[in-house]
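Working notes for the structure below.
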Amino acid sequence: MNFTDYLNYVKSQLTDLVRFRLIRIVLGNEACDLDSTISACIYAYFLHSTCQTNNEVLHVPMLQIKSSIFTEIRCSSKVKIEHVGSCCTLIAEKIFASNANFHVTDEIAYLLTGSILFGTLNFSSNAGKATKKDKQIYEQLLTCQTSRVDDFKLYKDLRQSTADITGMSIQDLLQKDAKQVAGPNMRLLISSLPSEYTVEKLIGELKTMKDMDEFLSKNDNADGVIILSLETHNDEIKRQLGFYAKKFEHMLPINEYIQREEHNLSLRERGIPINQARIKLFEQRNVQASSKEILPLIEQFIKDFAPQNSS
């Protein structure tokens with residue numbers, strides 16, 4: 001069964017799950033981006049292909065599902081945390097390291113290499129996202145291809161595809177790659193905008209705060225959103241960071257926290273094209289700090305945050 005046949009097979013089985021002794025879920029992250037989607041689907045396919053009892057066990061890749069849905073599930077899970085440019089690097093490494101009889105086809109190699117190229121910004125040295133492991137696994141995947149793919153063209157096509165925002169509203173742009181961080185006293189979202197669409201452009205298209213407030217309301221009534229954007233031109237990279245807070249009293253603590261020198265984001269505040277005191281915009285001069293680096297900073301802020309009137 002090839003990869004496409006497997007995806008069709010899984011879809012066809014979803015209406016008759018009771019016939020399986022065990023259902024194993026391979027869960028992509030809530031952003032459902034390229035890296036997460038390909039990683040979840042290919043790893044689920046690998047598990048299916050190497051399972052000796054796949055007539056009794058169904059391996060299901062699951063995408064873009066809020067974690068709150070799974071609060072009552074206590075299936076056993078394995079976690080591997082490692083700093084790499086792409087999760088697909090770790091998936092490919094696991095496949096290569098296995099002793100299973102699994103053939104990495106042209107299709108599988110193409111999907112994995114494309115995601116690694118995209119995640120490392122085509123191994124850009126300025127971005128600082130690629131690791132030795134990314135490069136090693138990428139080169140190993142190339143040996144699995146019967147014909148060499150033009151790396152630059154593949155990367156360019158992927159960037160253009162993810163930059164297509166035709167028909168997308170402000171809320172769609174914010175929701176496309178959004179992660180939620182919640183604590184006892186605050187809930188924030190981190191939204192990474194589509195490629196080449198800047199935070200400044202999004203702010204400029206706001207007529208009122210209705211879109212922002214509705215977006216927060218739809219996401220468990222969050223208190224605010226950190227907005228990130230990335231622009232690339234040849235090997236030049238530009239990043240912007242902005243944030244919007246529903247309550248004015250949250251502006252100062254967020255603003256002071258993200259600009260702390262120890263966070264090394266090297267932020268420079270920019271003026272905004274609208275008269276709104278609950279929005280901030282910054283040029284992020286440390287372009288190597290992506291959402292992967294910013295997320296744990298926000299998690300720590302949320303963990304430590306206490307309202308001013310609390311004792």
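Quick note on naming: the chains in the structure tokens go A, B, ... in the order shown, residues restart at 1 in each chain, and ligands are numbered from 1 in order of appearance.
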
### Task
DSSP on the backbone, then: every residue of region 90-193 of chain A marked alpha helix (DSSP H), written as a count of residues only.
51

### Message
So that I can see what lies close to Asn2 (chain A), please list as a list of chain:residue names the residues with an atom at most 9 Å from it, counting only C-alpha atoms and leaving out residues fewer than 3 positions away in the same chain.
### Response
A:Asp5, A:Tyr6, A:Leu7, A:Tyr45, A:Thr105

### Task
Could you jot down the CA of Gln288 (chain A) to CA of Gln171 (chain A) separation for me, Å, one decimal place?
26.7 Å

### Message
List the spatial neighbours of region 83-95 of chain A as a ChimeraX atom specification - criterion: any atom at most 6 Å away, only C-alpha atoms, same-chain residues fewer than 3 positions off excluded.
### Response
/A:39,98,112,116,119-120,129-131,134

Store the residues picked out above, limited to N, CA and C atoms, as a PDB file, in the first residue's frame.
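Contents of the output file part.pdb:
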```pdb
ATOM      1  N   SER A  39       4.784  15.465   8.908  1.00  0.00           N
ATOM      2  CA  SER A  39       5.345  14.599   9.939  1.00  0.00           C
ATOM      3  C   SER A  39       4.308  13.613  10.461  1.00  0.00           C
ATOM      4  N   SER A  98      15.246   2.592  12.124  1.00  0.00           N
ATOM      5  CA  SER A  98      14.468   1.389  12.403  1.00  0.00           C
ATOM      6  C   SER A  98      14.999   0.218  11.581  1.00  0.00           C
ATOM      7  N   LEU A 112       9.311  14.795   2.650  1.00  0.00           N
ATOM      8  CA  LEU A 112      10.181  15.068   3.791  1.00  0.00           C
ATOM      9  C   LEU A 112      11.237  16.111   3.464  1.00  0.00           C
ATOM     10  N   ILE A 116      11.776  19.902   5.141  1.00  0.00           N
ATOM     11  CA  ILE A 116      13.059  20.290   5.751  1.00  0.00           C
ATOM     12  C   ILE A 116      13.589  21.562   5.107  1.00  0.00           C
ATOM     13  N   GLY A 119      11.400  24.397   6.467  1.00  0.00           N
ATOM     14  CA  GLY A 119      11.623  24.682   7.880  1.00  0.00           C
ATOM     15  C   GLY A 119      12.955  25.339   8.177  1.00  0.00           C
ATOM     16  N   THR A 120      13.957  25.053   7.345  1.00  0.00           N
ATOM     17  CA  THR A 120      15.289  25.631   7.547  1.00  0.00           C
ATOM     18  C   THR A 120      15.522  26.855   6.674  1.00  0.00           C
ATOM     19  N   LYS A 129      18.437  28.362  11.514  1.00  0.00           N
ATOM     20  CA  LYS A 129      17.490  27.325  11.923  1.00  0.00           C
ATOM     21  C   LYS A 129      17.998  25.912  11.657  1.00  0.00           C
ATOM     22  N   ALA A 130      18.846  25.759  10.652  1.00  0.00           N
ATOM     23  CA  ALA A 130      19.318  24.433  10.262  1.00  0.00           C
ATOM     24  C   ALA A 130      20.381  23.919  11.227  1.00  0.00           C
ATOM     25  N   THR A 131      20.320  22.615  11.518  1.00  0.00           N
ATOM     26  CA  THR A 131      21.324  21.960  12.340  1.00  0.00           C
ATOM     27  C   THR A 131      22.079  20.940  11.482  1.00  0.00           C
ATOM     28  N   ASP A 134      19.733  18.197  10.511  1.00  0.00           N
ATOM     29  CA  ASP A 134      18.868  18.526   9.375  1.00  0.00           C
ATOM     30  C   ASP A 134      19.586  18.252   8.057  1.00  0.00           C
TER      31      ASP A 134
END
```

### Task
Calculate how many Å separate CA of Ile190 (chain A) from CA of Gln160 (chain A), rounding to one decimal.
22.7 Å
